[in-house]
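Student: The following block contains the structure, expressed as structure tokens.
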Amino acid sequence: MKTIRVPIFLQQRVMQTLRAKIALAEQKLEQKFPEPIVNYKQRGTTAGSAYLKEWEIRINPILLIENPDNFIDEVVPHELAHLLVYRVYGRKGILPHGNEWKWMMQSVLEVSPSRTHNFSVSTVKSKTFTYHCACPSNHELTIRRHNKVVRGENQYLCKKCGEILRRENEVAAEN
């Protein structure tokens with residue numbers, strides 16, 4: 001995998017926002033929180049991930065570079081909220097985007113809670129393979145799932161009609 005270099009000014013903005021939100025959380029929750037590890041190794045269409053036990057936030061460098069303002073304002077607090085909820089409430093019985101997380105986002109970090117981002121993912125979307133079934137719609141399988149089908153390790157079924165998904169050339173060969 002090619003390493004994407006995030007410009008230092010963006011890394012600084014990420015850390016500035018992260019530190020400001022941690023300070024806000026410390027003030028409102030009257031509790032100290034360590035600064036999480038931040039790395040820029042998130043891949044695919046996911047903007048960021050929080051690794052609770054490692055106290056780490058992973059950021060998608062491409063989506064950050066393409067959407068700096070919205071990314072820093074939305075994704076950084078989103079992932080921090082996951083860490084804070086884990087530290088305050090633990091994990092048992094807590095949903096990833098449940099009431100505790102929503103409360104943490106709104107009341108503590110003062111950010112509107114949103115489960116997903118709406119960034120364009122055309123530059124980070126992986127190649128897909130078109131499969132068919134009896135339904136009129138196509139099914140797009142990721143390269144990982146496609147390779148499992150090719151190796152005979154797995155097959156996938158349409159959720160609507162229950163038929164095994166087949167590649168376009170397989171469907172043509174049967175007709």
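In the structure tokens, each chain is lettered A, B, ... as it comes, each chain's residues begin at 1, and ligands are numbered from 1 in order of appearance.
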Need the shell around segment 64-77 of chain A: protein/DNA/RNA residues with any atom at most 8 Å away, counting only C-alpha atoms. Skip same-chain ones fewer than 5 positions apart. Format as a ChimeraX atom specification?
Tutor: /A:6,10,13-14,17-18,21,47-48,59,105,109,111,117,119
Student: Determine, counting only C-alpha atoms, which protein, DNA and RNA residues have an atom within 7 Å of an atom of Glu56 of chain A; residues of the same chain fewer than 2 positions away are not included. Present the result as a PDB file with N, CA and C atoms, in the first residue's frame.
Tutor:
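Everything below was put into selection.pdb:
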```
ATOM      1  N   PRO A  36      -5.181  10.940  22.564  1.00  0.00           N
ATOM      2  CA  PRO A  36      -5.093   9.677  21.830  1.00  0.00           C
ATOM      3  C   PRO A  36      -3.976   9.696  20.788  1.00  0.00           C
ATOM      4  N   ILE A  37      -3.538   8.511  20.422  1.00  0.00           N
ATOM      5  CA  ILE A  37      -2.613   8.372  19.297  1.00  0.00           C
ATOM      6  C   ILE A  37      -3.417   8.656  18.042  1.00  0.00           C
ATOM      7  N   VAL A  38      -2.857   9.405  17.113  1.00  0.00           N
ATOM      8  CA  VAL A  38      -3.516   9.673  15.837  1.00  0.00           C
ATOM      9  C   VAL A  38      -2.596   9.175  14.738  1.00  0.00           C
ATOM     10  N   ALA A  50     -12.079   4.593  15.586  1.00  0.00           N
ATOM     11  CA  ALA A  50     -11.573   4.718  16.950  1.00  0.00           C
ATOM     12  C   ALA A  50     -11.244   3.325  17.459  1.00  0.00           C
ATOM     13  N   TYR A  51     -10.037   3.149  17.926  1.00  0.00           N
ATOM     14  CA  TYR A  51      -9.610   1.883  18.526  1.00  0.00           C
ATOM     15  C   TYR A  51      -9.588   2.102  20.034  1.00  0.00           C
ATOM     16  N   LEU A  52     -10.630   1.588  20.680  1.00  0.00           N
ATOM     17  CA  LEU A  52     -10.902   1.917  22.065  1.00  0.00           C
ATOM     18  C   LEU A  52      -9.792   1.511  23.018  1.00  0.00           C
ATOM     19  N   GLU A  54      -6.731   0.674  22.438  1.00  0.00           N
ATOM     20  CA  GLU A  54      -5.436   1.279  22.095  1.00  0.00           C
ATOM     21  C   GLU A  54      -5.444   2.789  22.305  1.00  0.00           C
ATOM     22  N   ARG A  58      -7.707   6.490  13.915  1.00  0.00           N
ATOM     23  CA  ARG A  58      -7.122   6.328  12.588  1.00  0.00           C
ATOM     24  C   ARG A  58      -7.920   7.178  11.617  1.00  0.00           C
TER      25      ARG A  58
END
```
Student: With only C-alpha atoms as the counted atoms, please give the residues lying no more than 12 Å from Thr123 of chain A, apart from itself and same-chain residues fewer than 4 positions off, as a PyMOL selection string.
Tutor: chain A and resi 43-45+60-63+65-66+119+127
Student: Going by DSSP on the backbone, which residues of segment 6-136 of chain A come out as alpha helix (DSSP H)? List them as a short mmCIF file (atom, residue, chain, number, x, y, z; two decimals) with all heavy atoms, in the first residue's frame.
Tutor:
```
data_model
loop_
_atom_site.label_atom_id
_atom_site.label_comp_id
_atom_site.auth_asym_id
_atom_site.auth_seq_id
_atom_site.Cartn_x
_atom_site.Cartn_y
_atom_site.Cartn_z
N ILE A 8 1.72 18.80 6.83
CA ILE A 8 1.90 19.08 8.25
C ILE A 8 0.86 20.07 8.77
O ILE A 8 0.38 19.94 9.89
CB ILE A 8 3.35 19.56 8.55
CG1 ILE A 8 3.62 19.57 10.06
CG2 ILE A 8 3.62 20.92 7.95
CD1 ILE A 8 3.82 18.20 10.63
N PHE A 9 0.45 21.03 7.93
CA PHE A 9 -0.55 21.99 8.40
C PHE A 9 -1.88 21.31 8.69
O PHE A 9 -2.60 21.71 9.60
CB PHE A 9 -0.70 23.17 7.42
CG PHE A 9 -1.54 22.87 6.20
CD1 PHE A 9 -2.90 23.15 6.18
CD2 PHE A 9 -0.97 22.32 5.06
CE1 PHE A 9 -3.67 22.87 5.06
CE2 PHE A 9 -1.73 22.04 3.94
CZ PHE A 9 -3.09 22.32 3.94
N LEU A 10 -2.22 20.26 7.94
CA LEU A 10 -3.46 19.52 8.22
C LEU A 10 -3.31 18.68 9.48
O LEU A 10 -4.24 18.59 10.29
CB LEU A 10 -3.84 18.62 7.04
CG LEU A 10 -4.51 19.30 5.86
CD1 LEU A 10 -4.81 18.30 4.76
CD2 LEU A 10 -5.77 20.03 6.28
N GLN A 11 -2.15 18.07 9.67
CA GLN A 11 -1.91 17.31 10.90
C GLN A 11 -2.01 18.24 12.11
O GLN A 11 -2.58 17.87 13.14
CB GLN A 11 -0.53 16.66 10.86
CG GLN A 11 -0.41 15.55 9.83
CD GLN A 11 0.96 14.90 9.85
OE1 GLN A 11 1.52 14.66 10.91
NE2 GLN A 11 1.49 14.62 8.67
N GLN A 12 -1.50 19.45 11.96
CA GLN A 12 -1.57 20.42 13.05
C GLN A 12 -3.01 20.83 13.34
O GLN A 12 -3.41 20.95 14.51
CB GLN A 12 -0.71 21.64 12.73
CG GLN A 12 0.76 21.35 12.76
CD GLN A 12 1.60 22.50 12.24
OE1 GLN A 12 1.16 23.31 11.42
NE2 GLN A 12 2.85 22.57 12.70
N ARG A 13 -3.80 21.01 12.30
CA ARG A 13 -5.21 21.36 12.48
C ARG A 13 -5.98 20.23 13.15
O ARG A 13 -6.84 20.47 14.00
CB ARG A 13 -5.85 21.74 11.15
CG ARG A 13 -5.44 23.12 10.66
CD ARG A 13 -6.19 23.55 9.42
NE ARG A 13 -7.63 23.53 9.62
CZ ARG A 13 -8.51 23.44 8.63
NH1 ARG A 13 -8.11 23.35 7.37
NH2 ARG A 13 -9.81 23.42 8.89
N VAL A 14 -5.68 18.99 12.76
CA VAL A 14 -6.32 17.83 13.40
C VAL A 14 -6.00 17.84 14.89
O VAL A 14 -6.91 17.71 15.73
CB VAL A 14 -5.87 16.50 12.75
CG1 VAL A 14 -6.23 15.31 13.62
CG2 VAL A 14 -6.45 16.36 11.35
N MET A 15 -4.74 18.00 15.23
CA MET A 15 -4.33 17.97 16.64
C MET A 15 -4.89 19.17 17.41
O MET A 15 -5.28 19.02 18.57
CB MET A 15 -2.81 17.92 16.75
CG MET A 15 -2.21 16.62 16.25
SD MET A 15 -2.99 15.11 16.91
CE MET A 15 -2.60 15.24 18.64
N GLN A 16 -4.97 20.32 16.77
CA GLN A 16 -5.53 21.50 17.43
C GLN A 16 -7.00 21.26 17.78
O GLN A 16 -7.44 21.54 18.89
CB GLN A 16 -5.38 22.70 16.49
CG GLN A 16 -5.87 24.00 17.06
CD GLN A 16 -5.70 25.16 16.07
OE1 GLN A 16 -5.64 24.96 14.86
NE2 GLN A 16 -5.60 26.36 16.60
N THR A 17 -7.77 20.72 16.84
CA THR A 17 -9.18 20.42 17.09
C THR A 17 -9.31 19.33 18.14
O THR A 17 -10.14 19.44 19.06
CB THR A 17 -9.88 20.00 15.79
OG1 THR A 17 -9.83 21.10 14.88
CG2 THR A 17 -11.31 19.58 16.02
N LEU A 18 -8.51 18.30 18.03
CA LEU A 18 -8.55 17.20 19.00
C LEU A 18 -8.28 17.72 20.41
O LEU A 18 -9.02 17.40 21.35
CB LEU A 18 -7.53 16.14 18.60
CG LEU A 18 -7.53 14.85 19.40
CD1 LEU A 18 -8.85 14.11 19.22
CD2 LEU A 18 -6.38 13.97 18.96
N ARG A 19 -7.26 18.53 20.56
CA ARG A 19 -6.90 19.06 21.89
C ARG A 19 -7.99 19.99 22.42
O ARG A 19 -8.29 19.98 23.62
CB ARG A 19 -5.55 19.76 21.81
CG ARG A 19 -4.42 18.78 21.65
CD ARG A 19 -3.07 19.45 21.51
NE ARG A 19 -2.04 18.44 21.33
CZ ARG A 19 -1.07 18.52 20.43
NH1 ARG A 19 -0.98 19.58 19.63
NH2 ARG A 19 -0.18 17.56 20.33
N ALA A 20 -8.59 20.79 21.56
CA ALA A 20 -9.66 21.69 21.99
C ALA A 20 -10.88 20.88 22.47
O ALA A 20 -11.50 21.22 23.48
CB ALA A 20 -10.06 22.63 20.85
N LYS A 21 -11.21 19.82 21.76
CA LYS A 21 -12.36 18.98 22.14
C LYS A 21 -12.07 18.19 23.42
O LYS A 21 -12.96 18.00 24.24
CB LYS A 21 -12.76 18.05 21.00
CG LYS A 21 -13.28 18.77 19.77
CD LYS A 21 -14.52 19.59 20.07
CE LYS A 21 -15.06 20.29 18.84
NZ LYS A 21 -16.19 21.18 19.15
N ILE A 22 -10.84 17.75 23.58
CA ILE A 22 -10.48 17.07 24.83
C ILE A 22 -10.59 18.04 26.01
O ILE A 22 -11.13 17.69 27.06
CB ILE A 22 -9.05 16.47 24.76
CG1 ILE A 22 -9.04 15.27 23.81
CG2 ILE A 22 -8.57 16.04 26.15
CD1 ILE A 22 -7.65 14.73 23.51
N ALA A 23 -10.13 19.27 25.83
CA ALA A 23 -10.23 20.28 26.89
C ALA A 23 -11.69 20.55 27.25
O ALA A 23 -12.04 20.69 28.43
CB ALA A 23 -9.53 21.57 26.46
N LEU A 24 -12.53 20.61 26.23
CA LEU A 24 -13.96 20.81 26.45
C LEU A 24 -14.55 19.64 27.26
O LEU A 24 -15.31 19.85 28.21
CB LEU A 24 -14.66 20.94 25.10
CG LEU A 24 -16.05 21.54 25.03
CD1 LEU A 24 -16.07 22.95 25.64
CD2 LEU A 24 -16.51 21.59 23.58
N ALA A 25 -14.18 18.43 26.88
CA ALA A 25 -14.66 17.24 27.59
C ALA A 25 -14.16 17.23 29.03
O ALA A 25 -14.92 16.90 29.95
CB ALA A 25 -14.22 15.98 26.86
N GLU A 26 -12.91 17.59 29.24
CA GLU A 26 -12.35 17.61 30.59
C GLU A 26 -13.08 18.62 31.46
O GLU A 26 -13.38 18.35 32.63
CB GLU A 26 -10.85 17.91 30.54
CG GLU A 26 -10.03 16.77 30.00
CD GLU A 26 -8.55 17.07 29.90
OE1 GLU A 26 -8.15 18.26 29.91
OE2 GLU A 26 -7.77 16.09 29.79
N GLN A 27 -13.40 19.78 30.89
CA GLN A 27 -14.11 20.82 31.62
C GLN A 27 -15.53 20.37 31.97
O GLN A 27 -15.96 20.47 33.12
CB GLN A 27 -14.15 22.09 30.79
CG GLN A 27 -14.97 23.21 31.39
CD GLN A 27 -15.24 24.33 30.40
OE1 GLN A 27 -14.72 24.35 29.30
NE2 GLN A 27 -16.08 25.26 30.80
N LYS A 28 -16.25 19.84 30.99
CA LYS A 28 -17.65 19.48 31.21
C LYS A 28 -17.83 18.20 32.03
O LYS A 28 -18.79 18.08 32.78
CB LYS A 28 -18.37 19.34 29.88
CG LYS A 28 -18.56 20.68 29.19
CD LYS A 28 -19.38 20.54 27.94
CE LYS A 28 -19.64 21.91 27.33
NZ LYS A 28 -20.57 21.85 26.21
N LEU A 29 -16.91 17.26 31.87
CA LEU A 29 -17.04 15.98 32.58
C LEU A 29 -16.22 15.95 33.87
O LEU A 29 -16.27 14.96 34.61
CB LEU A 29 -16.61 14.83 31.67
CG LEU A 29 -17.45 14.66 30.40
CD1 LEU A 29 -16.84 13.60 29.48
CD2 LEU A 29 -18.89 14.32 30.73
N PRO A 61 -6.28 9.45 5.16
CA PRO A 61 -5.53 10.63 4.69
C PRO A 61 -6.10 11.24 3.42
O PRO A 61 -6.09 12.47 3.26
CB PRO A 61 -4.12 10.10 4.47
CG PRO A 61 -4.29 8.63 4.26
CD PRO A 61 -5.48 8.23 5.07
N ILE A 62 -6.60 10.42 2.52
CA ILE A 62 -7.12 10.95 1.25
C ILE A 62 -8.38 11.76 1.49
O ILE A 62 -8.52 12.88 0.99
CB ILE A 62 -7.37 9.80 0.25
CG1 ILE A 62 -6.05 9.11 -0.08
CG2 ILE A 62 -8.05 10.32 -1.02
CD1 ILE A 62 -6.20 7.81 -0.85
N LEU A 63 -9.31 11.23 2.29
CA LEU A 63 -10.54 11.96 2.57
C LEU A 63 -10.26 13.23 3.37
O LEU A 63 -10.94 14.25 3.18
CB LEU A 63 -11.55 11.07 3.28
CG LEU A 63 -12.11 9.92 2.44
CD1 LEU A 63 -13.08 9.07 3.27
CD2 LEU A 63 -12.78 10.42 1.18
N LEU A 64 -9.27 13.20 4.24
CA LEU A 64 -8.87 14.40 4.98
C LEU A 64 -8.35 15.47 4.02
O LEU A 64 -8.76 16.63 4.08
CB LEU A 64 -7.81 14.07 6.03
CG LEU A 64 -7.12 15.26 6.70
CD1 LEU A 64 -8.13 16.13 7.46
CD2 LEU A 64 -6.01 14.78 7.62
N ILE A 65 -7.45 15.09 3.12
CA ILE A 65 -6.87 16.04 2.17
C ILE A 65 -7.94 16.61 1.24
O ILE A 65 -7.93 17.80 0.93
CB ILE A 65 -5.73 15.36 1.38
CG1 ILE A 65 -4.54 15.08 2.31
CG2 ILE A 65 -5.29 16.20 0.19
CD1 ILE A 65 -3.49 14.13 1.75
N GLU A 66 -8.88 15.77 0.81
CA GLU A 66 -9.92 16.22 -0.12
C GLU A 66 -11.01 17.06 0.54
O GLU A 66 -11.68 17.84 -0.13
CB GLU A 66 -10.56 15.00 -0.81
CG GLU A 66 -9.63 14.29 -1.77
CD GLU A 66 -10.25 13.04 -2.37
OE1 GLU A 66 -11.33 12.60 -1.92
OE2 GLU A 66 -9.63 12.50 -3.31
N PRO A 68 -10.79 18.95 3.92
CA PRO A 68 -10.15 19.29 5.20
C PRO A 68 -11.06 19.92 6.25
O PRO A 68 -11.05 19.48 7.40
CB PRO A 68 -9.02 20.24 4.79
CG PRO A 68 -9.39 20.74 3.44
CD PRO A 68 -10.20 19.66 2.80
N ASP A 69 -11.83 20.92 5.88
CA ASP A 69 -12.63 21.63 6.89
C ASP A 69 -13.72 20.75 7.49
O ASP A 69 -13.80 20.60 8.72
CB ASP A 69 -13.25 22.90 6.29
CG ASP A 69 -12.19 23.91 5.88
OD1 ASP A 69 -11.11 23.93 6.50
OD2 ASP A 69 -12.44 24.66 4.91
N ASN A 70 -14.55 20.17 6.64
CA ASN A 70 -15.62 19.31 7.14
C ASN A 70 -15.07 18.09 7.86
O ASN A 70 -15.63 17.65 8.87
CB ASN A 70 -16.55 18.87 6.01
CG ASN A 70 -17.40 20.01 5.51
OD1 ASN A 70 -17.58 21.01 6.18
ND2 ASN A 70 -17.92 19.87 4.31
N VAL A 76 -13.11 14.15 13.31
CA VAL A 76 -12.23 14.13 14.49
C VAL A 76 -13.06 14.08 15.78
O VAL A 76 -12.84 13.19 16.61
CB VAL A 76 -11.24 15.31 14.46
CG1 VAL A 76 -10.47 15.42 15.77
CG2 VAL A 76 -10.27 15.17 13.28
N PRO A 77 -14.07 14.95 15.96
CA PRO A 77 -14.90 14.81 17.18
C PRO A 77 -15.69 13.51 17.22
O PRO A 77 -15.88 12.94 18.30
CB PRO A 77 -15.85 16.02 17.09
CG PRO A 77 -15.22 16.96 16.15
CD PRO A 77 -14.40 16.16 15.21
N HIS A 78 -16.14 13.03 16.07
CA HIS A 78 -16.89 11.77 16.00
C HIS A 78 -16.07 10.63 16.60
O HIS A 78 -16.56 9.88 17.44
CB HIS A 78 -17.25 11.48 14.53
CG HIS A 78 -17.93 10.17 14.30
ND1 HIS A 78 -19.20 10.08 13.80
CD2 HIS A 78 -17.52 8.88 14.50
CE1 HIS A 78 -19.55 8.81 13.71
NE2 HIS A 78 -18.54 8.06 14.12
N GLU A 79 -14.83 10.52 16.15
CA GLU A 79 -13.98 9.42 16.65
C GLU A 79 -13.57 9.64 18.10
O GLU A 79 -13.52 8.69 18.89
CB GLU A 79 -12.76 9.24 15.74
CG GLU A 79 -13.09 8.93 14.29
CD GLU A 79 -14.08 7.78 14.09
OE1 GLU A 79 -14.16 6.87 14.93
OE2 GLU A 79 -14.78 7.80 13.06
N LEU A 80 -13.31 10.89 18.47
CA LEU A 80 -12.99 11.19 19.86
C LEU A 80 -14.16 10.82 20.77
O LEU A 80 -13.95 10.27 21.86
CB LEU A 80 -12.62 12.67 20.03
CG LEU A 80 -12.35 13.11 21.47
CD1 LEU A 80 -11.16 12.36 22.07
CD2 LEU A 80 -12.13 14.62 21.51
N ALA A 81 -15.38 11.08 20.32
CA ALA A 81 -16.56 10.75 21.13
C ALA A 81 -16.62 9.26 21.44
O ALA A 81 -16.99 8.87 22.55
CB ALA A 81 -17.83 11.20 20.41
N HIS A 82 -16.24 8.42 20.48
CA HIS A 82 -16.20 6.98 20.74
C HIS A 82 -15.23 6.67 21.88
O HIS A 82 -15.54 5.87 22.78
CB HIS A 82 -15.77 6.21 19.48
CG HIS A 82 -16.81 6.13 18.43
ND1 HIS A 82 -18.05 5.54 18.62
CD2 HIS A 82 -16.81 6.55 17.14
CE1 HIS A 82 -18.76 5.61 17.51
NE2 HIS A 82 -18.03 6.22 16.59
N LEU A 83 -14.05 7.28 21.84
CA LEU A 83 -13.06 7.03 22.89
C LEU A 83 -13.56 7.52 24.25
O LEU A 83 -13.42 6.82 25.27
CB LEU A 83 -11.74 7.72 22.54
CG LEU A 83 -11.01 7.24 21.29
CD1 LEU A 83 -9.74 8.05 21.07
CD2 LEU A 83 -10.69 5.76 21.35
N LEU A 84 -14.15 8.71 24.26
CA LEU A 84 -14.63 9.27 25.52
C LEU A 84 -15.76 8.44 26.11
O LEU A 84 -15.79 8.20 27.33
CB LEU A 84 -15.08 10.72 25.31
CG LEU A 84 -13.99 11.71 24.91
CD1 LEU A 84 -14.59 13.06 24.56
CD2 LEU A 84 -12.93 11.84 25.99
N VAL A 85 -16.68 7.98 25.27
CA VAL A 85 -17.77 7.13 25.75
C VAL A 85 -17.21 5.85 26.36
O VAL A 85 -17.64 5.41 27.43
CB VAL A 85 -18.78 6.82 24.62
CG1 VAL A 85 -19.73 5.68 25.00
CG2 VAL A 85 -19.57 8.06 24.25
N TYR A 86 -16.23 5.28 25.71
CA TYR A 86 -15.60 4.06 26.22
C TYR A 86 -14.96 4.32 27.59
O TYR A 86 -15.11 3.53 28.52
CB TYR A 86 -14.55 3.57 25.22
CG TYR A 86 -13.74 2.40 25.71
CD1 TYR A 86 -14.32 1.14 25.87
CD2 TYR A 86 -12.39 2.54 25.98
CE1 TYR A 86 -13.57 0.06 26.30
CE2 TYR A 86 -11.63 1.46 26.41
CZ TYR A 86 -12.22 0.23 26.58
OH TYR A 86 -11.48 -0.84 27.01
N ARG A 87 -14.26 5.45 27.70
CA ARG A 87 -13.57 5.77 28.96
C ARG A 87 -14.57 6.07 30.08
O ARG A 87 -14.37 5.69 31.23
CB ARG A 87 -12.65 6.97 28.73
CG ARG A 87 -11.74 7.35 29.86
CD ARG A 87 -10.78 6.26 30.34
NE ARG A 87 -9.87 5.74 29.35
CZ ARG A 87 -8.59 6.07 29.21
NH1 ARG A 87 -8.06 6.98 29.99
NH2 ARG A 87 -7.85 5.50 28.30
N VAL A 88 -15.68 6.73 29.76
CA VAL A 88 -16.65 7.13 30.78
C VAL A 88 -17.61 6.00 31.15
O VAL A 88 -17.91 5.78 32.32
CB VAL A 88 -17.44 8.38 30.31
CG1 VAL A 88 -18.60 8.69 31.24
CG2 VAL A 88 -16.52 9.58 30.18
N TYR A 89 -18.09 5.25 30.14
CA TYR A 89 -19.14 4.26 30.37
C TYR A 89 -18.68 2.81 30.26
O TYR A 89 -19.43 1.91 30.60
CB TYR A 89 -20.29 4.45 29.37
CG TYR A 89 -21.01 5.76 29.51
CD1 TYR A 89 -20.76 6.80 28.63
CD2 TYR A 89 -21.94 5.96 30.52
CE1 TYR A 89 -21.42 8.02 28.75
CE2 TYR A 89 -22.61 7.16 30.65
CZ TYR A 89 -22.34 8.19 29.76
OH TYR A 89 -23.00 9.37 29.88
N ASN A 99 -27.24 6.29 22.49
CA ASN A 99 -27.57 7.52 23.22
C ASN A 99 -26.37 8.15 23.90
O ASN A 99 -26.26 9.39 23.94
CB ASN A 99 -28.67 7.23 24.25
CG ASN A 99 -29.99 6.92 23.59
OD1 ASN A 99 -30.27 7.40 22.49
ND2 ASN A 99 -30.81 6.12 24.25
N GLU A 100 -25.48 7.34 24.46
CA GLU A 100 -24.30 7.89 25.14
C GLU A 100 -23.41 8.63 24.16
O GLU A 100 -22.90 9.71 24.45
CB GLU A 100 -23.51 6.77 25.83
CG GLU A 100 -24.27 6.06 26.92
CD GLU A 100 -25.20 4.95 26.44
OE1 GLU A 100 -25.29 4.70 25.23
OE2 GLU A 100 -25.85 4.33 27.30
N TRP A 101 -23.21 8.03 22.98
CA TRP A 101 -22.38 8.67 21.95
C TRP A 101 -23.03 9.96 21.46
O TRP A 101 -22.36 10.98 21.31
CB TRP A 101 -22.14 7.69 20.79
CG TRP A 101 -21.36 8.29 19.68
CD1 TRP A 101 -20.00 8.41 19.60
CD2 TRP A 101 -21.87 8.88 18.48
NE1 TRP A 101 -19.63 9.04 18.43
CE2 TRP A 101 -20.78 9.34 17.72
CE3 TRP A 101 -23.16 9.07 17.99
CZ2 TRP A 101 -20.93 9.97 16.50
CZ3 TRP A 101 -23.31 9.70 16.76
CH2 TRP A 101 -22.20 10.14 16.03
N LYS A 102 -24.35 9.91 21.21
CA LYS A 102 -25.07 11.12 20.76
C LYS A 102 -24.96 12.22 21.80
O LYS A 102 -24.73 13.39 21.47
CB LYS A 102 -26.53 10.79 20.48
CG LYS A 102 -26.74 9.96 19.24
CD LYS A 102 -28.19 9.58 19.08
CE LYS A 102 -28.35 8.58 17.95
NZ LYS A 102 -29.68 7.97 17.93
N TRP A 103 -25.13 11.85 23.07
CA TRP A 103 -25.01 12.83 24.15
C TRP A 103 -23.60 13.43 24.19
O TRP A 103 -23.43 14.64 24.33
CB TRP A 103 -25.37 12.18 25.49
CG TRP A 103 -25.14 13.09 26.65
CD1 TRP A 103 -25.98 14.06 27.09
CD2 TRP A 103 -23.99 13.13 27.50
NE1 TRP A 103 -25.43 14.71 28.17
CE2 TRP A 103 -24.20 14.15 28.43
CE3 TRP A 103 -22.81 12.40 27.55
CZ2 TRP A 103 -23.27 14.46 29.42
CZ3 TRP A 103 -21.88 12.71 28.52
CH2 TRP A 103 -22.11 13.73 29.45
#
```
Student: Contacts of Ala134 of chain A at 12 Å or less, counting only C-alpha atoms, minus same-chain residues fewer than 6 places along, as a ChimeraX atom specification?
Tutor: /A:157-166,171
Student: Please, could you write that set of residues out with C-alpha atoms as a PDB file, in the first residue's frame?
Tutor:
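The resulting file, selection_9.pdb, is shown below:
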```pdb
ATOM      1  CA  LEU A 157     -26.970 -14.996  -2.423  1.00  0.00           C
ATOM      2  CA  CYS A 158     -29.341 -12.225  -3.448  1.00  0.00           C
ATOM      3  CA  LYS A 159     -31.237 -10.983  -0.387  1.00  0.00           C
ATOM      4  CA  LYS A 160     -34.412 -10.520  -2.430  1.00  0.00           C
ATOM      5  CA  CYS A 161     -34.701 -13.647  -4.594  1.00  0.00           C
ATOM      6  CA  GLY A 162     -32.271 -15.950  -2.774  1.00  0.00           C
ATOM      7  CA  GLU A 163     -30.490 -16.934  -5.996  1.00  0.00           C
ATOM      8  CA  ILE A 164     -26.712 -17.417  -6.129  1.00  0.00           C
ATOM      9  CA  LEU A 165     -24.994 -14.350  -7.573  1.00  0.00           C
ATOM     10  CA  ARG A 166     -23.116 -15.022 -10.827  1.00  0.00           C
ATOM     11  CA  VAL A 171     -24.969 -15.900 -16.924  1.00  0.00           C
TER      12      VAL A 171
END
```
Student: If I take atom CA of Lys41 of chain A and atom CA of Ile57 of chain A, how far is one from the other in Å, to one decimal?
Tutor: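 Computing the Euclidean distance for atom CA of Lys41 of chain A and atom CA of Ile57 of chain A yields 9.6 Å.
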Student: Please determine, counting only C-alpha atoms, which residue among A:Gln106, A:Gly152, A:Arg167, A:Thr116 has the shortest atom-to-atom distance to Thr130 of chain A.
Tutor: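 Of A:Gln106, A:Gly152, A:Arg167, A:Thr116, the one nearest Thr130 of chain A is A:Arg167, counting only C-alpha atoms.
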Student: Could you tell me how far atom CA of Trp55 of chain A sits from atom CA of Ser120 of chain A, in Å to one decimal place?
Tutor: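 Computing it gives 27.9 Å between the two atoms.
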